[in-house]
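my_file.tsv follows; it contains TSV, C-alpha atoms.
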chain	number	residue	atom	x	y	z
A	1	MET	CA	-28.02	105.74	-74.99
A	2	LYS	CA	-26.01	105.38	-71.81
A	3	LEU	CA	-26.22	102.76	-69.11
A	4	SER	CA	-24.88	103.89	-65.75
A	5	ILE	CA	-24.69	102.14	-62.39
A	6	ALA	CA	-23.54	105.10	-60.33
A	7	THR	CA	-26.71	104.77	-58.24
A	8	ALA	CA	-29.53	102.26	-58.20
A	9	ALA	CA	-32.12	104.97	-58.73
A	10	VAL	CA	-30.72	106.00	-62.10
A	11	PHE	CA	-29.59	102.58	-63.20
A	12	ALA	CA	-31.16	101.79	-66.56
A	13	LEU	CA	-30.45	98.28	-67.73
A	14	VAL	CA	-32.45	98.06	-70.94
A	15	ILE	CA	-30.09	97.93	-73.88
A	16	SER	CA	-31.00	96.99	-77.41
A	17	ILE	CA	-28.34	94.79	-78.98
A	18	SER	CA	-29.49	92.72	-81.91
A	19	GLY	CA	-26.16	90.97	-82.49
A	20	ALA	CA	-22.42	91.39	-82.77
A	21	VAL	CA	-21.32	94.31	-84.93
A	22	SER	CA	-18.85	93.74	-87.75
A	23	ALA	CA	-15.42	93.81	-86.17
A	24	THR	CA	-13.23	96.27	-88.09
A	25	ALA	CA	-10.70	98.68	-86.67
A	26	ALA	CA	-10.00	102.05	-88.29
A	27	ASP	CA	-6.58	100.91	-89.51
A	28	GLY	CA	-7.77	97.44	-90.48
A	29	ALA	CA	-5.07	95.89	-88.29
A	30	LYS	CA	-7.37	93.88	-86.01
A	31	ASP	CA	-8.80	90.72	-87.49
A	32	PHE	CA	-11.37	89.11	-85.18
A	33	SER	CA	-12.06	86.14	-87.45
A	34	GLY	CA	-9.35	84.08	-85.74
A	35	SER	CA	-8.47	83.41	-82.10
A	36	THR	CA	-6.26	86.45	-81.51
A	37	GLU	CA	-6.18	88.36	-78.22
A	38	TYR	CA	-5.41	92.04	-78.80
A	39	HIS	CA	-4.18	94.32	-76.02
A	40	LEU	CA	-5.65	97.72	-76.83
A	41	VAL	CA	-3.86	101.09	-76.78
A	42	PRO	CA	-5.14	104.71	-77.02
A	43	CYS	CA	-7.29	105.67	-80.00
A	44	VAL	CA	-5.64	107.65	-82.79
A	45	THR	CA	-8.80	108.98	-84.48
A	46	PRO	CA	-12.26	109.96	-83.14
A	47	ALA	CA	-13.91	107.19	-85.20
A	48	GLU	CA	-11.45	104.39	-84.36
A	49	LEU	CA	-12.78	101.29	-82.59
A	50	ASP	CA	-11.09	98.69	-80.40
A	51	CYS	CA	-8.95	101.22	-78.57
A	52	ILE	CA	-8.73	103.26	-75.35
A	53	GLU	CA	-10.67	106.52	-75.61
A	54	SER	CA	-9.51	108.15	-72.37
A	55	PHE	CA	-8.00	107.55	-68.93
A	56	GLY	CA	-7.90	109.71	-65.81
A	57	PHE	CA	-7.51	109.71	-62.05
A	58	ILE	CA	-10.16	110.67	-59.49
A	59	SER	CA	-8.91	113.19	-56.93
A	60	LYS	CA	-9.76	113.23	-53.22
A	61	SER	CA	-12.51	115.77	-53.95
A	62	GLY	CA	-14.00	113.50	-56.63
A	63	ALA	CA	-12.75	115.51	-59.60
A	64	TYR	CA	-11.66	113.76	-62.79
A	65	VAL	CA	-8.03	114.50	-63.78
A	66	ALA	CA	-7.19	113.56	-67.36
A	67	ALA	CA	-3.91	111.69	-67.83
A	68	THR	CA	-1.45	111.46	-70.71
A	69	SER	CA	-0.05	108.19	-72.04
A	70	THR	CA	2.90	106.38	-73.51
A	71	ASN	CA	2.77	102.82	-74.88
A	72	THR	CA	5.03	99.88	-74.19
A	73	PRO	CA	6.50	98.17	-77.27
A	74	LEU	CA	4.27	95.73	-79.15
A	75	SER	CA	5.15	92.07	-78.66
A	76	ALA	CA	3.59	89.15	-80.51
A	77	MET	CA	3.59	85.61	-79.13
A	78	VAL	CA	1.55	82.44	-78.99
A	79	GLY	CA	-0.33	81.85	-75.75
A	80	GLN	CA	-2.20	78.99	-74.12
A	81	ASN	CA	-4.19	76.78	-76.51
A	82	ASP	CA	-2.26	78.31	-79.44
A	83	ASN	CA	-4.07	81.65	-79.25
A	84	PRO	CA	-2.04	84.43	-80.92
A	85	LEU	CA	-1.35	87.32	-78.53
A	86	LYS	CA	-0.51	90.90	-79.51
A	87	ILE	CA	0.50	92.57	-76.27
A	88	GLN	CA	0.93	96.23	-75.37
A	89	GLN	CA	0.21	98.32	-72.29
A	90	SER	CA	-0.34	102.04	-71.88
A	91	ILE	CA	1.30	104.03	-69.06
A	92	TRP	CA	-0.76	106.99	-67.80
A	93	THR	CA	0.53	109.93	-65.76
A	94	ALA	CA	-0.99	113.07	-64.23
A	95	THR	CA	-0.65	115.40	-61.27
A	96	VAL	CA	-3.37	114.58	-58.73
A	97	ASP	CA	-3.84	116.41	-55.42
A	98	GLY	CA	-0.43	118.02	-55.93
A	99	ASN	CA	1.38	114.69	-56.41
A	100	ALA	CA	2.59	112.76	-59.44
A	101	ALA	CA	0.29	109.81	-60.20
A	102	SER	CA	1.10	106.94	-62.53
A	103	ALA	CA	-0.71	103.74	-63.52
A	104	SER	CA	-0.46	101.12	-66.26
A	105	LEU	CA	-3.56	99.93	-68.12
A	106	ASP	CA	-3.68	96.53	-69.81
A	107	VAL	CA	-6.76	95.94	-72.01
A	108	PRO	CA	-7.02	92.40	-73.45
A	109	LEU	CA	-9.84	91.98	-75.97
A	110	GLN	CA	-10.34	88.44	-77.23
A	111	SER	CA	-11.76	87.41	-80.59
A	112	PRO	CA	-15.04	85.44	-80.57
A	113	LYS	CA	-13.03	82.35	-81.53
A	114	TYR	CA	-10.53	82.73	-78.68
A	115	VAL	CA	-9.94	79.17	-77.42
A	116	ILE	CA	-10.60	78.73	-73.69
A	117	PHE	CA	-9.86	75.02	-73.64
A	118	LYS	CA	-9.60	71.93	-75.79
A	119	ALA	CA	-11.87	69.01	-74.85
A	120	PRO	CA	-10.44	65.47	-74.68
A	121	ASP	CA	-12.16	64.68	-77.98
A	122	GLY	CA	-10.38	67.62	-79.60
A	123	ALA	CA	-13.39	69.94	-79.66
A	124	LEU	CA	-12.60	73.59	-79.03
A	125	HIS	CA	-14.54	75.75	-76.58
A	126	TYR	CA	-14.48	79.47	-77.26
A	127	GLY	CA	-15.05	82.49	-75.06
A	128	ALA	CA	-14.43	86.17	-75.79
A	129	SER	CA	-14.21	88.93	-73.23
A	130	LEU	CA	-12.88	92.40	-72.53
A	131	ARG	CA	-10.61	92.35	-69.44
A	132	PRO	CA	-9.06	95.73	-68.59
A	133	SER	CA	-6.83	95.82	-65.50
A	134	VAL	CA	-4.91	98.58	-63.74
A	135	GLU	CA	-1.59	98.42	-61.88
A	136	SER	CA	0.06	101.10	-59.78
A	137	ALA	CA	2.52	101.46	-56.91
A	138	ASN	CA	-0.33	102.01	-54.42
A	139	LEU	CA	-3.33	100.34	-55.98
A	140	LEU	CA	-5.58	100.48	-52.90
A	141	GLN	CA	-5.37	104.28	-53.03
A	142	THR	CA	-5.57	104.57	-56.83
A	143	HIS	CA	-8.99	105.66	-58.10
A	144	VAL	CA	-9.35	105.78	-61.89
A	145	ARG	CA	-11.93	106.21	-64.63
A	146	PHE	CA	-11.36	105.19	-68.25
A	147	LYS	CA	-13.29	104.54	-71.47
A	148	ILE	CA	-12.78	101.83	-74.08
A	149	ARG	CA	-14.34	101.56	-77.54
A	150	THR	CA	-15.06	98.13	-79.03
A	151	SER	CA	-16.44	96.99	-82.36
A	152	TYR	CA	-18.32	94.01	-80.93
A	153	LEU	CA	-19.34	92.36	-77.63
A	154	ILE	CA	-22.77	91.16	-76.57
A	155	PRO	CA	-22.52	91.65	-72.79
A	156	GLN	CA	-23.97	88.76	-70.82
A	157	ASN	CA	-22.19	89.19	-67.51
A	158	VAL	CA	-20.13	92.15	-66.30
A	159	GLN	CA	-17.82	91.83	-63.28
A	160	LEU	CA	-16.16	94.69	-61.41
A	161	VAL	CA	-13.38	93.65	-59.02
A	162	ALA	CA	-12.96	97.10	-57.51
A	163	GLU	CA	-14.00	99.34	-54.63
A	164	ASP	CA	-16.27	102.34	-55.34
A	165	SER	CA	-16.97	100.86	-58.77
A	166	ASP	CA	-19.07	102.28	-61.58
A	167	PHE	CA	-19.78	101.18	-65.13
A	168	SER	CA	-21.63	102.32	-68.23
A	169	GLN	CA	-22.28	101.20	-71.78
A	170	THR	CA	-22.95	103.72	-74.55
A	171	LYS	CA	-23.92	102.72	-78.10
A	172	ILE	CA	-21.77	104.40	-80.75
A	173	LYS	CA	-21.46	104.00	-84.51
A	174	GLY	CA	-20.16	100.51	-85.17
A	175	GLY	CA	-19.97	99.38	-81.54
A	176	ASN	CA	-19.90	100.52	-77.93
A	177	THR	CA	-18.05	102.76	-75.51
A	178	TRP	CA	-17.50	101.15	-72.09
A	179	MET	CA	-16.77	103.30	-69.05
A	180	PHE	CA	-15.11	101.72	-65.99
A	181	GLU	CA	-14.39	103.35	-62.66
A	182	GLY	CA	-13.04	102.13	-59.33
A	183	LYS	CA	-10.09	101.81	-57.02
A	184	GLY	CA	-8.09	98.79	-55.92
A	185	THR	CA	-9.54	96.20	-53.55
A	186	PRO	CA	-7.79	93.51	-51.45
A	187	VAL	CA	-8.22	89.98	-52.82
A	188	SER	CA	-6.84	86.79	-51.25
A	189	PHE	CA	-5.98	83.62	-53.16
A	190	TYR	CA	-3.98	80.39	-53.24
A	191	SER	CA	-0.79	79.76	-55.17
A	192	ASP	CA	-1.91	76.14	-55.68
A	193	TYR	CA	-5.54	75.04	-55.48
A	194	SER	CA	-4.86	71.29	-55.59
A	195	ALA	CA	-5.16	70.54	-51.85
A	196	ALA	CA	-8.58	69.40	-50.64
A	197	ASN	CA	-8.98	72.24	-48.13
A	198	LYS	CA	-8.04	74.75	-50.83
A	199	LYS	CA	-10.54	73.38	-53.30
A	200	ASP	CA	-13.29	74.12	-50.77
A	201	PHE	CA	-11.60	77.43	-49.80
A	202	SER	CA	-11.45	76.53	-46.09
A	203	ALA	CA	-7.66	76.94	-45.86
A	204	GLN	CA	-5.84	80.16	-45.08
A	205	ALA	CA	-4.81	82.16	-48.17
A	206	ASP	CA	-1.26	82.00	-49.48
A	207	VAL	CA	-1.26	85.54	-50.86
A	208	ASP	CA	-3.07	88.81	-50.15
A	209	SER	CA	-2.98	91.11	-53.15
A	210	ALA	CA	-4.45	94.39	-54.36
A	211	THR	CA	-6.60	94.05	-57.50
A	212	LEU	CA	-8.31	96.46	-59.86
A	213	HIS	CA	-9.83	94.85	-62.92
A	214	PHE	CA	-13.07	94.56	-64.87
A	215	ILE	CA	-14.58	91.92	-67.18
A	216	VAL	CA	-17.24	92.11	-69.87
A	217	HIS	CA	-18.09	88.54	-70.95
A	218	HIS	CA	-19.32	88.14	-74.50
A	219	GLY	CA	-22.39	86.06	-75.29
A	220	ASP	CA	-22.92	84.26	-78.57
A	221	SER	CA	-25.75	82.50	-80.37
A	222	ASP	CA	-23.39	79.55	-80.90
A	223	LEU	CA	-23.29	77.71	-77.57
A	224	THR	CA	-19.69	76.61	-78.17
A	225	ARG	CA	-18.67	80.28	-78.33
A	226	GLY	CA	-18.93	82.80	-75.53
A	227	TYR	CA	-19.00	82.22	-71.80
A	228	TRP	CA	-22.80	82.38	-71.92
A	229	PRO	CA	-25.32	82.03	-74.76
A	230	ALA	CA	-26.56	85.33	-76.14
A	231	VAL	CA	-30.10	84.88	-74.84
A	232	CYS	CA	-32.03	87.92	-73.62
A	233	GLY	CA	-29.17	90.16	-74.79
A	234	ASP	CA	-31.77	92.67	-75.98
A	235	LYS	CA	-33.18	92.90	-72.44
A	236	GLY	CA	-29.99	93.62	-70.51
A	237	TYR	CA	-27.63	91.59	-68.36
A	238	THR	CA	-26.25	91.42	-64.83
A	239	VAL	CA	-23.47	93.58	-63.42
A	240	GLN	CA	-21.71	92.33	-60.29
A	241	ALA	CA	-19.04	93.92	-58.09
A	242	PHE	CA	-17.08	91.93	-55.49
A	243	ASN	CA	-13.67	91.35	-53.87
A	244	SER	CA	-13.05	87.76	-54.92
A	245	ASN	CA	-11.18	86.19	-57.81
A	246	SER	CA	-13.78	83.45	-58.13
A	247	ALA	CA	-17.44	84.26	-58.75
A	248	GLY	CA	-19.94	82.73	-61.13
A	249	SER	CA	-22.92	83.75	-63.19
A	250	PRO	CA	-26.31	83.98	-61.43
A	251	SER	CA	-28.69	81.02	-61.63
A	252	TRP	CA	-32.33	80.50	-60.69
A	253	ASN	CA	-32.93	78.07	-57.81
A	254	ASN	CA	-36.43	76.69	-58.24
A	255	ALA	CA	-36.37	74.83	-54.89
A	256	THR	CA	-35.78	78.02	-52.87
A	257	GLN	CA	-37.34	80.41	-55.41
A	258	SER	CA	-34.18	82.52	-55.33
A	259	LEU	CA	-31.63	84.01	-57.68
A	260	ASP	CA	-28.36	82.49	-56.48
A	261	PHE	CA	-24.82	83.75	-56.83
A	262	ALA	CA	-21.83	81.55	-56.05
A	263	ILE	CA	-18.77	83.36	-54.69
A	264	GLN	CA	-15.60	81.89	-53.19
A	265	SER	CA	-12.43	83.10	-51.52
A	266	PRO	CA	-10.05	81.68	-48.87
A	267	HIS	CA	-11.66	81.57	-45.43
A	268	SER	CA	-8.88	83.70	-43.94
A	269	LYS	CA	-6.30	86.03	-45.42
A	270	ALA	CA	-2.63	85.16	-45.70
A	271	SER	CA	-2.11	87.51	-42.76
A	272	GLY	CA	-4.42	85.28	-40.68
A	273	ALA	CA	-7.11	87.94	-40.43
A	274	ALA	CA	-10.74	87.09	-41.21
A	275	ASN	CA	-11.52	87.40	-44.91
A	276	THR	CA	-14.74	89.38	-45.34
A	277	GLY	CA	-16.49	90.17	-48.56
A	278	PHE	CA	-18.70	92.64	-50.38
A	279	PHE	CA	-21.08	92.00	-53.26
A	280	LYS	CA	-23.18	94.30	-55.43
A	281	LEU	CA	-25.63	93.49	-58.20
A	282	TRP	CA	-27.41	95.61	-60.78
A	283	THR	CA	-30.04	94.11	-63.11
A	284	SER	CA	-33.62	94.61	-64.32
A	285	ASP	CA	-37.03	92.94	-64.20
A	286	ASP	CA	-37.03	92.74	-68.01
A	287	TYR	CA	-33.83	90.74	-68.01
A	288	ILE	CA	-34.70	88.27	-65.25
A	289	ASN	CA	-38.21	87.75	-66.71
A	290	CYS	CA	-36.64	86.85	-70.03
A	291	LYS	CA	-33.82	84.78	-68.58
A	292	TRP	CA	-35.87	83.00	-65.89
A	293	PRO	CA	-39.58	82.97	-66.84
A	294	GLY	CA	-41.84	82.30	-63.89
A	295	ASN	CA	-39.46	83.79	-61.32
A	296	THR	CA	-41.04	85.22	-58.16
A	297	LEU	CA	-38.81	88.30	-57.90
A	298	SER	CA	-40.03	90.72	-60.56
A	299	SER	CA	-43.61	90.61	-59.26
A	300	SER	CA	-42.60	91.21	-55.63
A	301	PRO	CA	-42.60	94.85	-54.46
A	302	LYS	CA	-39.94	94.06	-51.85
A	303	LEU	CA	-36.91	91.83	-52.12
A	304	GLU	CA	-34.24	90.79	-49.64
A	305	VAL	CA	-30.79	89.28	-49.83
A	306	ARG	CA	-29.52	86.41	-47.70
A	307	ILE	CA	-25.95	85.17	-47.30
A	308	ILE	CA	-26.01	81.41	-46.73
A	309	SER	CA	-22.90	79.65	-45.39
A	310	GLU	CA	-21.85	76.18	-46.51
A	311	ASP	CA	-23.62	74.63	-43.51
A	312	GLY	CA	-26.92	76.29	-44.46
A	313	THR	CA	-26.90	78.97	-41.74
A	314	THR	CA	-27.69	82.57	-42.60
A	315	GLN	CA	-24.82	84.99	-42.01
A	316	THR	CA	-25.18	88.36	-40.39
A	317	ALA	CA	-24.27	91.03	-42.93
A	318	ILE	CA	-25.05	94.61	-43.91
A	319	ASN	CA	-27.60	94.23	-46.70
A	320	GLN	CA	-29.46	96.65	-48.93
A	321	VAL	CA	-31.95	95.87	-51.71
A	322	THR	CA	-33.77	98.35	-53.92
A	323	HIS	CA	-36.52	97.25	-56.33
A	324	LYS	CA	-38.02	100.25	-58.10
A	325	ASP	CA	-39.15	101.16	-61.61
A	326	GLY	CA	-38.21	97.74	-62.93
A	327	LYS	CA	-34.61	98.00	-61.71
A	328	ILE	CA	-32.94	95.88	-59.02
A	329	PHE	CA	-29.94	96.87	-56.92
A	330	VAL	CA	-28.36	94.63	-54.27
A	331	SER	CA	-25.56	95.41	-51.84
A	332	ALA	CA	-24.17	93.05	-49.20
A	333	SER	CA	-21.04	93.53	-47.09
A	334	GLY	CA	-19.40	92.19	-43.98
A	335	PHE	CA	-20.07	88.52	-44.75
A	336	HIS	CA	-17.25	85.99	-44.46
A	337	TYR	CA	-15.84	83.54	-46.96
A	338	SER	CA	-15.17	80.45	-47.81
A	339	LYS	CA	-18.04	79.56	-50.19
A	340	PRO	CA	-21.22	81.39	-49.23
A	341	THR	CA	-24.21	81.53	-51.55
A	342	ILE	CA	-25.82	84.91	-52.05
A	343	LYS	CA	-29.57	84.54	-52.49
A	344	LEU	CA	-31.98	87.19	-53.73
A	345	VAL	CA	-35.53	86.30	-52.65
A	346	ARG	CA	-38.90	87.95	-52.25
A	347	ALA	CA	-39.32	89.57	-48.84
A	348	GLY	CA	-40.75	87.22	-46.23
A	349	ALA	CA	-39.89	84.03	-48.11
A	350	PRO	CA	-39.33	81.04	-45.76
A	351	ALA	CA	-35.69	80.60	-44.78
A	352	SER	CA	-33.87	77.42	-45.74
A	353	LYS	CA	-33.17	74.98	-42.93
A	354	PRO	CA	-29.50	74.63	-41.96
A	355	LEU	CA	-27.79	71.51	-43.23
A	356	LYS	CA	-26.47	68.91	-40.83
A	357	ILE	CA	-22.72	69.05	-41.32
A	358	GLN	CA	-20.51	65.99	-40.86
A	359	THR	CA	-16.72	65.77	-40.80
A	360	ILE	CA	-14.72	62.77	-41.97
A	361	THR	CA	-10.99	62.05	-41.92
A	362	CYS	CA	-9.32	60.87	-45.12
A	363	ALA	CA	-5.84	59.44	-45.62
A	364	LYS	CA	-3.50	58.92	-48.56
A	365	GLY	CA	-0.39	57.24	-47.28
A	366	LYS	CA	1.00	59.58	-44.63
A	367	LEU	CA	-1.17	62.47	-45.84
A	368	VAL	CA	-4.27	63.12	-43.72
A	369	THR	CA	-7.02	65.64	-44.35
A	370	LYS	CA	-10.49	66.41	-42.97
A	371	VAL	CA	-13.52	67.02	-45.19
A	372	SER	CA	-16.76	68.60	-43.95
A	373	GLY	CA	-20.17	68.88	-45.56
A	374	ALA	CA	-23.71	67.56	-45.67
A	375	ALA	CA	-22.45	64.43	-47.44
A	376	PRO	CA	-18.65	64.61	-47.27
A	377	LYS	CA	-16.52	62.46	-49.57
A	378	CYS	CA	-12.81	61.85	-49.57
A	379	PRO	CA	-10.83	63.50	-52.38
A	380	LYS	CA	-9.66	61.36	-55.28
A	381	GLY	CA	-6.85	59.07	-54.11
A	382	TYR	CA	-7.80	59.35	-50.40
A	383	LEU	CA	-9.59	56.71	-48.34
A	384	PRO	CA	-11.74	57.19	-45.22
A	385	LYS	CA	-9.66	56.81	-42.07
A	386	LYS	CA	-11.32	54.93	-39.24
This entry written out as structure tokens:
Amino acid sequence: MKLSIATAAVFALVISISGAVSATAADGAKDFSGSTEYHLVPCVTPAELDCIESFGFISKSGAYVAATSTNTPLSAMVGQNDNPLKIQQSIWTATVDGNAASASLDVPLQSPKYVIFKAPDGALHYGASLRPSVESANLLQTHVRFKIRTSYLIPQNVQLVAEDSDFSQTKIKGGNTWMFEGKGTPVSFYSDYSAANKKDFSAQADVDSATLHFIVHHGDSDLTRGYWPAVCGDKGYTVQAFNSNSAGSPSWNNATQSLDFAIQSPHSKASGAANTGFFKLWTSDDYINCKWPGNTLSSSPKLEVRIISEDGTTQTAINQVTHKDGKIFVSASGFHYSKPTIKLVRAGAPASKPLKIQTITCAKGKLVTKVSGAAPKCPKGYLPKK
């Protein structure tokens, strides 16, 4: 069975996954019982799992052009939080539109016991994910499609940081085949997020960069493992596409009867230009009914999306929402960052009232900063300046 998000009309987000499949590679070399992060390379046999099945470029006419690969040498090291890393990349080449095309593909796959962080009391928090990323000399013009086989993963949240993105999941013997497609998108970020105006994303970006990567977060029945608990995994999940390096999982807002998505990026690019965003969502009534019982979306024949700025005002954006045959598709573009909230609501729902924004000045020795918000507070170490 294949799950595709090429269009909302054919998007089928009902996938039966009863639990993680036993994690064994064809050569027995990958042991997922520990905290190892493996960087996958092309498959050797048709039945092999935890490997790259194929990679190709998309031509100007939309045709798929298969590429050939070479692998970088394998290196083993110990990463953050003592996670073992086994790192390789594959380099893919082809002739596309009469020109030589080349791209590198890095495919980290983390074990279910991959350590995200260690708590002060020594407790370990785990989180596994599949995180393929593409690099090329001209990433904004590089359009690719590739497939990866895995022996486990209960998808709870899929993120596509790419333009013209597409995604599918196909059940195979012993696991899944994941298809990813897209081309590079501009993303702005800070080199250091410690300053107060960078923590709220109101400052100008330090760096503008091209990005092309995808994430499949793994859920788990053990709440200390996985980015999200594996609840409603048999009903589907959410797939989101955007041009930010900071976006969270959706949550139900009972006060506004909306499905909310937090997304953040610097207010302006490093070039000084306005930083505008796009956001897409694919999900299903079955999933949101299971995840958020009593929601008011699945029963509504028409839905709408609203982009709410930090001050509570509704932004003007190009929005599209389709709710048909139990499937939901959302597209919003042209909104501006820093930290807007994207709300999916039933059509005609009352709009939230704008918040009254106040600005205070805070000082720490000779350092002075301004903080704005409905109830602004000075950052740690700063005092209000009168």
Nearby residues (only C-alpha atoms) at most 12 Å from A:Ala349, same-chain spacing under 4 positions excluded, as a list in words: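 Listed by chain and then number, they are Ala255, Thr256, Gln257, Ser258, Thr296, Leu297, Ser300, Lys302, Leu303, Glu304, Val305, Arg306, Lys343, Leu344 and Val345 of chain A.
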Could I get the residues of stretch 253-301 of chain A with an atom no further than 10 Å from an atom of stretch 179-187 of chain A, each paired with its nearest atom pair and that distance in Å to one decimal, using all atoms listed in the file, sorted by chain and residue number, as JSON lines?
{"residue": "A:Ser265", "atom": "CA", "partner": "A:Val187", "partner_atom": "CA", "distance": 8.2}
{"residue": "A:Pro266", "atom": "CA", "partner": "A:Val187", "partner_atom": "CA", "distance": 9.4}
{"residue": "A:Lys269", "atom": "CA", "partner": "A:Val187", "partner_atom": "CA", "distance": 8.6}
{"residue": "A:Asn275", "atom": "CA", "partner": "A:Val187", "partner_atom": "CA", "distance": 9.0}
{"residue": "A:Thr276", "atom": "CA", "partner": "A:Val187", "partner_atom": "CA", "distance": 9.9}
{"residue": "A:Gly277", "atom": "CA", "partner": "A:Val187", "partner_atom": "CA", "distance": 9.3}
Prev. selection, C-alpha atoms, output as a PDB file, in the frame of the given file:
ATOM      1  CA  SER A 265     -12.430  83.100 -51.520  1.00  0.00           C
ATOM      2  CA  PRO A 266     -10.050  81.680 -48.870  1.00  0.00           C
ATOM      3  CA  LYS A 269      -6.300  86.030 -45.420  1.00  0.00           C
ATOM      4  CA  ASN A 275     -11.520  87.400 -44.910  1.00  0.00           C
ATOM      5  CA  THR A 276     -14.740  89.380 -45.340  1.00  0.00           C
ATOM      6  CA  GLY A 277     -16.490  90.170 -48.560  1.00  0.00           C
TER       7      GLY A 277
END
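You will find atom CA of A:Asp82 at 16.0 Å from atom CA of A:Leu109.
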Separation of atom CA of A:Ser69 from atom CA of A:Ile52, in Å and rounded to one decimal: 10.5 Å
As a PDB file with C-alpha atoms, keeping the file's coordinate frame, please: the residues near A:Lys386 (cut-off 9 Å, only C-alpha atoms, same-chain neighbours under 5 positions excluded).
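Once everything was written out, this is part-v6.pdb:
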ATOM      1  CA  ILE A 360     -14.720  62.770 -41.970  1.00  0.00           C
ATOM      2  CA  THR A 361     -10.990  62.050 -41.920  1.00  0.00           C
ATOM      3  CA  CYS A 362      -9.320  60.870 -45.120  1.00  0.00           C
TER       4      CYS A 362
END
Residue contacts of A:Lys339 (8 Å, all atoms listed in the file) excluding same-chain residues fewer than 5 positions away, as a ChimeraX atom specification: /A:200-201,262-265,309-310
Nearest candidate to A:Arg346 (options A:Ala67, A:Leu139, A:Ala274, A:Leu259; using all atoms listed in the file):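 The shortest atom-to-atom distance to A:Arg346 comes from A:Leu259.
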Residue neighbourhood A:Thr70, 10 Å, all atoms listed in the file, exclusion window fewer than 2 positions, as a ChimeraX atom specification: /A:41-42,68,72-73,89-93,104
Nearest residue to A:His143 from the set A:Ala63, A:Ala76, A:Val115, A:Ile172 (distances using only C-alpha atoms): A:Ala63
Point-to-point distance from atom CA of A:Tyr190 to atom CA of A:Gln240, Å rounded to tenths: 22.5 Å
Long-range neighbours of A:Tyr237 as a PyMOL selection string, 7 Å cut-off, all atoms listed in the file, 6 positions minimum in chain: chain A and resi 155-157+283+287
Closest of A:Ala162, A:Leu367, A:Ala205, A:Ile318 to A:Phe242 - atom-to-atom distances counting all atoms listed in the file: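 Checking each of A:Ala162, A:Leu367, A:Ala205, A:Ile318 against A:Phe242, counting all atoms listed in the file, the winner is A:Ala162.
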For A:Lys377, the nearest of the candidates A:Ser284, A:Ala196, A:Ser333, A:Ser249, counting only C-alpha atoms: A:Ala196
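Remark: for A:Met77, the closest of the candidate residues A:Ser209, A:Leu383, A:Ser246, A:Tyr38 is A:Tyr38 (distances computed over all atoms listed in the file).
Among A:Lys366, A:Gly334, A:Thr211, A:Thr238, the residue with the shortest atom-to-atom distance to A:Ala137, counting all atoms listed in the file, is A:Thr211.
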Within 7 Å of file point (-9.0, 66.5, -53.8), counting all atoms listed in the file, expressed as a PDB file with C-alpha atoms, keeping the file's coordinate frame:
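That gives us part.pdb:
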ATOM      1  CA  SER A 194      -4.860  71.290 -55.590  1.00  0.00           C
ATOM      2  CA  ALA A 195      -5.160  70.540 -51.850  1.00  0.00           C
ATOM      3  CA  ALA A 196      -8.580  69.400 -50.640  1.00  0.00           C
ATOM      4  CA  PRO A 379     -10.830  63.500 -52.380  1.00  0.00           C
ATOM      5  CA  LYS A 380      -9.660  61.360 -55.280  1.00  0.00           C
TER       6      LYS A 380
END
